[in-house]
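Undergrad: Contents are PDB, C-alpha atoms; file name input.pdb:
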ATOM      1  CA  MET A   1      60.343  68.538 115.329  1.00  0.00           C
ATOM      2  CA  LEU A   2      64.024  68.588 116.144  1.00  0.00           C
ATOM      3  CA  LYS A   3      66.563  68.345 113.289  1.00  0.00           C
ATOM      4  CA  ASP A   4      69.965  66.679 113.448  1.00  0.00           C
ATOM      5  CA  LYS A   5      71.610  69.983 112.421  1.00  0.00           C
ATOM      6  CA  GLU A   6      70.424  71.487 115.719  1.00  0.00           C
ATOM      7  CA  LEU A   7      72.381  68.951 117.802  1.00  0.00           C
ATOM      8  CA  LYS A   8      75.655  70.175 119.226  1.00  0.00           C
ATOM      9  CA  ASP A   9      78.378  68.534 121.323  1.00  0.00           C
ATOM     10  CA  LYS A  10      77.900  64.963 122.491  1.00  0.00           C
ATOM     11  CA  VAL A  11      77.291  64.647 126.230  1.00  0.00           C
ATOM     12  CA  ILE A  12      76.964  60.854 126.541  1.00  0.00           C
ATOM     13  CA  GLU A  13      78.383  58.433 123.995  1.00  0.00           C
ATOM     14  CA  ASP A  14      77.140  54.853 123.643  1.00  0.00           C
ATOM     15  CA  TYR A  15      76.467  54.365 127.345  1.00  0.00           C
ATOM     16  CA  GLU A  16      75.195  50.827 127.970  1.00  0.00           C
ATOM     17  CA  GLY A  17      72.733  50.317 130.773  1.00  0.00           C
ATOM     18  CA  SER A  18      71.919  47.277 132.841  1.00  0.00           C
ATOM     19  CA  SER A  19      70.922  44.068 131.052  1.00  0.00           C
ATOM     20  CA  ALA A  20      67.915  43.952 133.405  1.00  0.00           C
ATOM     21  CA  ASN A  21      66.556  46.935 131.433  1.00  0.00           C
ATOM     22  CA  SER A  22      66.747  45.327 127.999  1.00  0.00           C
ATOM     23  CA  GLY A  23      63.003  45.837 127.477  1.00  0.00           C
ATOM     24  CA  MET A  24      62.939  49.477 128.578  1.00  0.00           C
ATOM     25  CA  THR A  25      60.897  51.927 126.536  1.00  0.00           C
ATOM     26  CA  LEU A  26      61.290  55.654 126.052  1.00  0.00           C
ATOM     27  CA  ASP A  27      58.268  56.290 128.299  1.00  0.00           C
ATOM     28  CA  ARG A  28      59.732  54.168 131.102  1.00  0.00           C
ATOM     29  CA  LEU A  29      63.065  55.970 130.768  1.00  0.00           C
ATOM     30  CA  ARG A  30      61.227  59.286 131.005  1.00  0.00           C
ATOM     31  CA  GLY A  31      59.464  58.179 134.191  1.00  0.00           C
ATOM     32  CA  ARG A  32      62.713  56.979 135.770  1.00  0.00           C
ATOM     33  CA  ILE A  33      64.516  60.213 134.967  1.00  0.00           C
ATOM     34  CA  GLU A  34      61.633  62.257 136.432  1.00  0.00           C
ATOM     35  CA  LYS A  35      61.659  60.204 139.661  1.00  0.00           C
ATOM     36  CA  LEU A  36      65.442  60.372 140.064  1.00  0.00           C
ATOM     37  CA  ALA A  37      65.513  64.110 139.346  1.00  0.00           C
ATOM     38  CA  ALA A  38      62.755  64.765 141.898  1.00  0.00           C
ATOM     39  CA  ALA A  39      64.541  62.627 144.492  1.00  0.00           C
ATOM     40  CA  ASN A  40      67.794  64.559 143.944  1.00  0.00           C
ATOM     41  CA  GLY A  41      66.167  67.995 143.771  1.00  0.00           C
ATOM     42  CA  ILE A  42      67.145  68.664 140.164  1.00  0.00           C
ATOM     43  CA  PRO A  43      64.564  70.570 138.107  1.00  0.00           C
ATOM     44  CA  VAL A  44      63.882  68.854 134.788  1.00  0.00           C
ATOM     45  CA  ASP A  45      61.280  69.201 132.100  1.00  0.00           C
ATOM     46  CA  LEU A  46      61.044  66.169 129.808  1.00  0.00           C
ATOM     47  CA  ALA A  47      59.314  65.964 126.451  1.00  0.00           C
ATOM     48  CA  ILE A  48      59.239  63.276 123.789  1.00  0.00           C
ATOM     49  CA  GLU A  49      59.980  64.869 120.421  1.00  0.00           C
ATOM     50  CA  GLU A  50      60.565  63.643 116.923  1.00  0.00           C
ATOM     51  CA  LEU A  51      64.108  63.899 115.540  1.00  0.00           C
ATOM     52  CA  ARG A  52      64.644  64.140 111.802  1.00  0.00           C
ATOM     53  CA  ILE A  53      67.990  62.921 110.522  1.00  0.00           C
ATOM     54  CA  GLY A  54      69.022  63.626 106.938  1.00  0.00           C
ATOM     55  CA  ASN A  55      67.864  66.033 104.272  1.00  0.00           C
ATOM     56  CA  ALA A  56      64.683  66.537 102.228  1.00  0.00           C
ATOM     57  CA  LEU A  57      65.519  63.705  99.808  1.00  0.00           C
ATOM     58  CA  SER A  58      66.483  61.018 102.271  1.00  0.00           C
ATOM     59  CA  ASN A  59      65.624  61.335 105.910  1.00  0.00           C
ATOM     60  CA  THR A  60      64.602  59.197 108.825  1.00  0.00           C
ATOM     61  CA  THR A  61      62.708  60.166 111.927  1.00  0.00           C
ATOM     62  CA  GLY A  62      62.617  58.757 115.402  1.00  0.00           C
ATOM     63  CA  ASP A  63      61.462  59.675 118.866  1.00  0.00           C
ATOM     64  CA  VAL A  64      63.909  61.203 121.333  1.00  0.00           C
ATOM     65  CA  LEU A  65      63.618  62.498 124.853  1.00  0.00           C
ATOM     66  CA  VAL A  66      64.502  66.175 125.337  1.00  0.00           C
ATOM     67  CA  LEU A  67      65.498  67.208 128.842  1.00  0.00           C
ATOM     68  CA  SER A  68      65.508  70.910 129.721  1.00  0.00           C
ATOM     69  CA  ASN A  69      65.698  73.069 132.811  1.00  0.00           C
ATOM     70  CA  PRO A  70      62.262  74.626 133.467  1.00  0.00           C
ATOM     71  CA  GLU A  71      63.874  77.493 135.388  1.00  0.00           C
ATOM     72  CA  HIS A  72      66.246  78.344 132.506  1.00  0.00           C
ATOM     73  CA  LYS A  73      64.311  77.370 129.360  1.00  0.00           C
ATOM     74  CA  GLY A  74      65.858  79.991 127.093  1.00  0.00           C
ATOM     75  CA  ASP A  75      69.357  80.285 128.510  1.00  0.00           C
ATOM     76  CA  TYR A  76      70.472  76.670 129.090  1.00  0.00           C
ATOM     77  CA  PHE A  77      71.062  73.976 126.513  1.00  0.00           C
ATOM     78  CA  GLY A  78      68.575  71.156 126.330  1.00  0.00           C
ATOM     79  CA  ILE A  79      69.804  67.574 126.304  1.00  0.00           C
ATOM     80  CA  CYS A  80      68.539  65.382 123.470  1.00  0.00           C
ATOM     81  CA  ILE A  81      68.543  61.756 124.657  1.00  0.00           C
ATOM     82  CA  MET A  82      68.634  59.052 121.988  1.00  0.00           C
ATOM     83  CA  PHE A  83      67.640  55.712 123.384  1.00  0.00           C
ATOM     84  CA  LYS A  84      67.985  52.320 121.729  1.00  0.00           C
ATOM     85  CA  SER A  85      66.628  49.174 123.303  1.00  0.00           C
ATOM     86  CA  GLY A  86      65.784  45.685 122.187  1.00  0.00           C
ATOM     87  CA  GLY A  87      69.234  44.167 122.438  1.00  0.00           C
ATOM     88  CA  VAL A  88      70.912  42.734 125.486  1.00  0.00           C
ATOM     89  CA  ARG A  89      71.425  46.191 127.016  1.00  0.00           C
ATOM     90  CA  PRO A  90      69.816  49.571 126.392  1.00  0.00           C
ATOM     91  CA  VAL A  91      72.169  52.133 124.837  1.00  0.00           C
ATOM     92  CA  VAL A  92      71.976  55.894 125.400  1.00  0.00           C
ATOM     93  CA  ASN A  93      73.534  58.771 123.471  1.00  0.00           C
ATOM     94  CA  ALA A  94      72.895  62.399 124.388  1.00  0.00           C
ATOM     95  CA  TYR A  95      73.650  65.714 122.711  1.00  0.00           C
ATOM     96  CA  PHE A  96      73.286  69.352 123.619  1.00  0.00           C
ATOM     97  CA  CYS A  97      70.516  71.057 121.676  1.00  0.00           C
ATOM     98  CA  GLY A  98      69.109  74.561 121.631  1.00  0.00           C
ATOM     99  CA  ASN A  99      71.064  77.562 122.837  1.00  0.00           C
ATOM    100  CA  SER A 100      72.887  78.573 125.972  1.00  0.00           C
ATOM    101  CA  LYS A 101      73.864  82.191 126.579  1.00  0.00           C
ATOM    102  CA  GLN A 102      76.890  81.632 128.813  1.00  0.00           C
ATOM    103  CA  LEU A 103      78.142  78.153 127.919  1.00  0.00           C
ATOM    104  CA  GLY A 104      77.492  78.837 124.235  1.00  0.00           C
ATOM    105  CA  LEU A 105      79.851  81.826 124.420  1.00  0.00           C
ATOM    106  CA  GLU A 106      82.425  79.705 126.225  1.00  0.00           C
ATOM    107  CA  MET A 107      82.238  76.984 123.557  1.00  0.00           C
ATOM    108  CA  LYS A 108      82.615  79.575 120.775  1.00  0.00           C
ATOM    109  CA  GLN A 109      85.657  81.007 122.521  1.00  0.00           C
ATOM    110  CA  ARG A 110      87.261  77.560 122.873  1.00  0.00           C
ATOM    111  CA  GLN A 111      86.577  76.850 119.191  1.00  0.00           C
ATOM    112  CA  ALA A 112      88.028  80.205 118.101  1.00  0.00           C
ATOM    113  CA  LYS A 113      91.168  79.533 120.136  1.00  0.00           C
ATOM    114  CA  ALA A 114      91.547  76.103 118.521  1.00  0.00           C
ATOM    115  CA  ASN A 115      91.002  77.602 115.069  1.00  0.00           C
ATOM    116  CA  ARG A 116      93.679  80.260 115.656  1.00  0.00           C
ATOM    117  CA  TYR A 117      96.125  77.613 116.793  1.00  0.00           C
ATOM    118  CA  ASN A 118      95.353  75.415 113.767  1.00  0.00           C
ATOM    119  CA  ARG A 119      95.774  78.295 111.316  1.00  0.00           C
ATOM    120  CA  VAL A 120      99.184  79.222 112.688  1.00  0.00           C
ATOM    121  CA  THR A 121     100.486  75.654 112.827  1.00  0.00           C
ATOM    122  CA  LYS A 122      99.174  74.838 109.340  1.00  0.00           C
ATOM    123  CA  SER A 123     100.764  77.975 107.988  1.00  0.00           C
ATOM    124  CA  LEU A 124     104.105  77.036 109.504  1.00  0.00           C
ATOM    125  CA  GLU A 125     103.796  73.407 108.355  1.00  0.00           C
ATOM    126  CA  ARG A 126     103.065  74.579 104.806  1.00  0.00           C
ATOM    127  CA  GLY A 127     106.285  76.569 104.783  1.00  0.00           C
ATOM    128  CA  VAL A 128     108.306  73.620 106.083  1.00  0.00           C
ATOM    129  CA  LYS A 129     106.717  71.026 103.733  1.00  0.00           C
ATOM    130  CA  THR A 130     107.212  73.095 100.607  1.00  0.00           C
ATOM    131  CA  GLY A 131     110.856  73.562 101.491  1.00  0.00           C
ATOM    132  CA  THR A 132     110.599  77.305 101.351  1.00  0.00           C
ATOM    133  CA  SER A 133     113.065  79.462 103.104  1.00  0.00           C
ATOM    134  CA  ILE A 134     112.512  81.215 106.389  1.00  0.00           C
ATOM    135  CA  PHE A 135     111.206  84.122 104.323  1.00  0.00           C
ATOM    136  CA  GLY A 136     108.473  81.921 102.830  1.00  0.00           C
ATOM    137  CA  THR A 137     107.482  80.631 106.263  1.00  0.00           C
ATOM    138  CA  ILE A 138     107.323  84.159 107.665  1.00  0.00           C
ATOM    139  CA  GLN A 139     105.287  85.293 104.657  1.00  0.00           C
ATOM    140  CA  ALA A 140     102.781  82.460 105.194  1.00  0.00           C
ATOM    141  CA  PHE A 141     102.606  83.350 108.876  1.00  0.00           C
ATOM    142  CA  MET A 142     102.027  87.046 108.071  1.00  0.00           C
ATOM    143  CA  ILE A 143      99.003  86.165 105.940  1.00  0.00           C
ATOM    144  CA  THR A 144      97.267  84.607 108.941  1.00  0.00           C
ATOM    145  CA  ILE A 145      97.898  87.546 111.285  1.00  0.00           C
ATOM    146  CA  PRO A 146      94.773  89.579 110.307  1.00  0.00           C
ATOM    147  CA  MET A 147      92.564  86.511 110.745  1.00  0.00           C
ATOM    148  CA  ASN A 148      94.158  85.718 114.089  1.00  0.00           C
ATOM    149  CA  LEU A 149      93.787  89.303 115.312  1.00  0.00           C
ATOM    150  CA  ALA A 150      90.091  89.400 114.410  1.00  0.00           C
ATOM    151  CA  SER A 151      89.528  86.072 116.143  1.00  0.00           C
ATOM    152  CA  ALA A 152      91.454  87.238 119.218  1.00  0.00           C
ATOM    153  CA  VAL A 153      89.379  90.439 119.427  1.00  0.00           C
ATOM    154  CA  MET A 154      86.155  88.399 119.300  1.00  0.00           C
ATOM    155  CA  SER A 155      87.496  86.114 122.031  1.00  0.00           C
ATOM    156  CA  LEU A 156      88.318  89.142 124.172  1.00  0.00           C
ATOM    157  CA  ILE A 157      84.770  90.463 123.757  1.00  0.00           C
ATOM    158  CA  ARG A 158      83.363  87.064 124.729  1.00  0.00           C
ATOM    159  CA  THR A 159      85.663  86.935 127.756  1.00  0.00           C
ATOM    160  CA  ILE A 160      84.333  90.290 128.939  1.00  0.00           C
ATOM    161  CA  GLN A 161      80.735  89.052 128.514  1.00  0.00           C
ATOM    162  CA  ARG A 162      81.446  85.751 130.241  1.00  0.00           C
ATOM    163  CA  ASN A 163      80.117  85.065 133.724  1.00  0.00           C
ATOM    164  CA  ASP A 164      82.253  82.325 135.308  1.00  0.00           C
ATOM    165  CA  GLU A 165      79.796  81.714 138.148  1.00  0.00           C
ATOM    166  CA  ALA A 166      76.905  81.200 135.739  1.00  0.00           C
ATOM    167  CA  ILE A 167      79.014  78.847 133.604  1.00  0.00           C
ATOM    168  CA  ALA A 168      79.975  76.798 136.680  1.00  0.00           C
ATOM    169  CA  LYS A 169      76.302  76.498 137.729  1.00  0.00           C
ATOM    170  CA  GLU A 170      75.281  75.484 134.235  1.00  0.00           C
ATOM    171  CA  GLU A 171      78.036  72.883 133.926  1.00  0.00           C
ATOM    172  CA  ALA A 172      77.094  71.468 137.354  1.00  0.00           C
ATOM    173  CA  TYR A 173      73.474  71.182 136.185  1.00  0.00           C
ATOM    174  CA  TYR A 174      74.537  69.237 133.076  1.00  0.00           C
ATOM    175  CA  SER A 175      76.790  66.996 135.143  1.00  0.00           C
ATOM    176  CA  ASN A 176      73.878  66.175 137.472  1.00  0.00           C
ATOM    177  CA  CYS A 177      71.591  65.502 134.505  1.00  0.00           C
ATOM    178  CA  VAL A 178      74.129  63.139 132.910  1.00  0.00           C
ATOM    179  CA  SER A 179      74.432  61.244 136.216  1.00  0.00           C
ATOM    180  CA  ILE A 180      70.653  60.927 136.464  1.00  0.00           C
ATOM    181  CA  ILE A 181      70.322  59.703 132.875  1.00  0.00           C
ATOM    182  CA  LYS A 182      72.971  57.035 133.475  1.00  0.00           C
ATOM    183  CA  MET A 183      71.345  55.971 136.769  1.00  0.00           C
ATOM    184  CA  ALA A 184      67.965  55.700 135.040  1.00  0.00           C
ATOM    185  CA  VAL A 185      69.393  53.311 132.447  1.00  0.00           C
ATOM    186  CA  ASP A 186      71.399  51.346 135.038  1.00  0.00           C
ATOM    187  CA  ASP A 187      68.683  51.023 137.685  1.00  0.00           C
TER     188      ASP A 187
END
Spit out the file's structure as structure tokens when you get a sec.
TA:
Amino acid sequence: MLKDKELKDKVIEDYEGSSANSGMTLDRLRGRIEKLAAANGIPVDLAIEELRIGNALSNTTGDVLVLSNPEHKGDYFGICIMFKSGGVRPVVNAYFCGNSKQLGLEMKQRQAKANRYNRVTKSLERGVKTGTSIFGTIQAFMITIPMNLASAVMSLIRTIQRNDEAIAKEEAYYSNCVSIIKMAVDD
């Protein structure tokens, strides 16, 4: 069972398929994705899993399709495909799930960089909003320096561990998978 806490960045958001596929089921979508992936030479492993959304007191469950790379089971993200049909058009949402060695490091590094930037700008904004002098602004900025240095050191370590070629291959794989998912809903 997959839990909503395990889902990461959104890959596809509210993508509407063809109205000709208004009666599509999760099994039919799975079959279409498998055929399109085989035709395009993209290795995929598809499994229907149950997704639990919520906590122990109030939760809902539903079936989702999890797409993974059989050649890189443990070191690529999976793609959790949420499919809703029954209306005029089928709607697809997809999220990363699981872990990725290389792209996971890259995402952590991007997040750390954004956090450092936010800390510095918030610190400076605080000094300006409170009407403190330059001394107060500098003091607020000085408080964030140890946090920023620690974050920068971690980013440097991740940069050393990063393999740009592997990240490019992985991102190309996800791009191909997203295209196939959209074609399967449009077809």
Undergrad: Quick one: apply the PyMOL selection byres ((chain A and resi 105-107) around 12) to the file and drop the selected residues here as a ChimeraX atom specification.
TA: /A:8-9,75-77,96,99-104,108-114,154-164,166-168,170-171
Undergrad: Restricted to C-alpha atoms, what would the selected residues look like written as a PDB file, in the coordinates of the input?
TA:
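Saved file part_11.pdb follows:
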ATOM      1  CA  LYS A   8      75.655  70.175 119.226  1.00  0.00           C
ATOM      2  CA  ASP A   9      78.378  68.534 121.323  1.00  0.00           C
ATOM      3  CA  ASP A  75      69.357  80.285 128.510  1.00  0.00           C
ATOM      4  CA  TYR A  76      70.472  76.670 129.090  1.00  0.00           C
ATOM      5  CA  PHE A  77      71.062  73.976 126.513  1.00  0.00           C
ATOM      6  CA  PHE A  96      73.286  69.352 123.619  1.00  0.00           C
ATOM      7  CA  ASN A  99      71.064  77.562 122.837  1.00  0.00           C
ATOM      8  CA  SER A 100      72.887  78.573 125.972  1.00  0.00           C
ATOM      9  CA  LYS A 101      73.864  82.191 126.579  1.00  0.00           C
ATOM     10  CA  GLN A 102      76.890  81.632 128.813  1.00  0.00           C
ATOM     11  CA  LEU A 103      78.142  78.153 127.919  1.00  0.00           C
ATOM     12  CA  GLY A 104      77.492  78.837 124.235  1.00  0.00           C
ATOM     13  CA  LYS A 108      82.615  79.575 120.775  1.00  0.00           C
ATOM     14  CA  GLN A 109      85.657  81.007 122.521  1.00  0.00           C
ATOM     15  CA  ARG A 110      87.261  77.560 122.873  1.00  0.00           C
ATOM     16  CA  GLN A 111      86.577  76.850 119.191  1.00  0.00           C
ATOM     17  CA  ALA A 112      88.028  80.205 118.101  1.00  0.00           C
ATOM     18  CA  LYS A 113      91.168  79.533 120.136  1.00  0.00           C
ATOM     19  CA  ALA A 114      91.547  76.103 118.521  1.00  0.00           C
ATOM     20  CA  MET A 154      86.155  88.399 119.300  1.00  0.00           C
ATOM     21  CA  SER A 155      87.496  86.114 122.031  1.00  0.00           C
ATOM     22  CA  LEU A 156      88.318  89.142 124.172  1.00  0.00           C
ATOM     23  CA  ILE A 157      84.770  90.463 123.757  1.00  0.00           C
ATOM     24  CA  ARG A 158      83.363  87.064 124.729  1.00  0.00           C
ATOM     25  CA  THR A 159      85.663  86.935 127.756  1.00  0.00           C
ATOM     26  CA  ILE A 160      84.333  90.290 128.939  1.00  0.00           C
ATOM     27  CA  GLN A 161      80.735  89.052 128.514  1.00  0.00           C
ATOM     28  CA  ARG A 162      81.446  85.751 130.241  1.00  0.00           C
ATOM     29  CA  ASN A 163      80.117  85.065 133.724  1.00  0.00           C
ATOM     30  CA  ASP A 164      82.253  82.325 135.308  1.00  0.00           C
ATOM     31  CA  ALA A 166      76.905  81.200 135.739  1.00  0.00           C
ATOM     32  CA  ILE A 167      79.014  78.847 133.604  1.00  0.00           C
ATOM     33  CA  ALA A 168      79.975  76.798 136.680  1.00  0.00           C
ATOM     34  CA  GLU A 170      75.281  75.484 134.235  1.00  0.00           C
ATOM     35  CA  GLU A 171      78.036  72.883 133.926  1.00  0.00           C
TER      36      GLU A 171
END
Undergrad: Could you list the residues chosen by the PyMOL selection byres ((chain A and resi 62-70) around 7) in this structure as an MDAnalysis selection string?
TA: chainID A and resid 43:52 60:61 71:73 78:83
Undergrad: Point out the residue among A:Lys182, A:Lys35, A:Lys169, A:Arg116 with the least atom-to-atom distance to Val11 of chain A, counting only C-alpha atoms.
TA: A:Lys182
Undergrad: Can you tell me how far atom CA of Met183 of chain A sits from atom CA of Gly98 of chain A, in Å to one decimal?
TA: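 These two atoms are separated by 24.1 Å.
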Undergrad: Give the answer as one residue: which of A:Arg28, A:Ser19, A:Lys10, A:Ile53 has the shortest atom-to-atom distance to Tyr174 of chain A, using all atoms listed in the file?
TA: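 With all atoms listed in the file as the atom set, the closest residue is A:Lys10.
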Undergrad: Counting only C-alpha atoms, which residue out of A:Val88, A:Ala152, A:Val178, A:Ala184 sits closest to Tyr117 of chain A?
TA: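 Smallest distance to Tyr117 of chain A is found for A:Ala152.
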Undergrad: So how far away is atom CA of Arg32 of chain A from atom CA of Tyr15 of chain A, in Å?
TA: 16.3 Å
Undergrad: Expressed in Å to a single decimal, how great is the separation between atom CA of Ile33 of chain A and atom CA of Val92 of chain A?
TA: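 These two atoms are separated by 12.9 Å.
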Undergrad: Measuring between only C-alpha atoms, which one of A:Asn40, A:Ser58, A:Ser22, A:Asn115 shows the shortest distance to Ser179 of chain A?
TA: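 Smallest distance to Ser179 of chain A is found for A:Asn40.
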Undergrad: Which residue, A:Ala37, A:Cys97, A:Ala150, A:Ala20, has the smallest gap to Val185 of chain A when you use only C-alpha atoms?
TA: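 Closest to Val185 of chain A, using only C-alpha atoms: A:Ala20.
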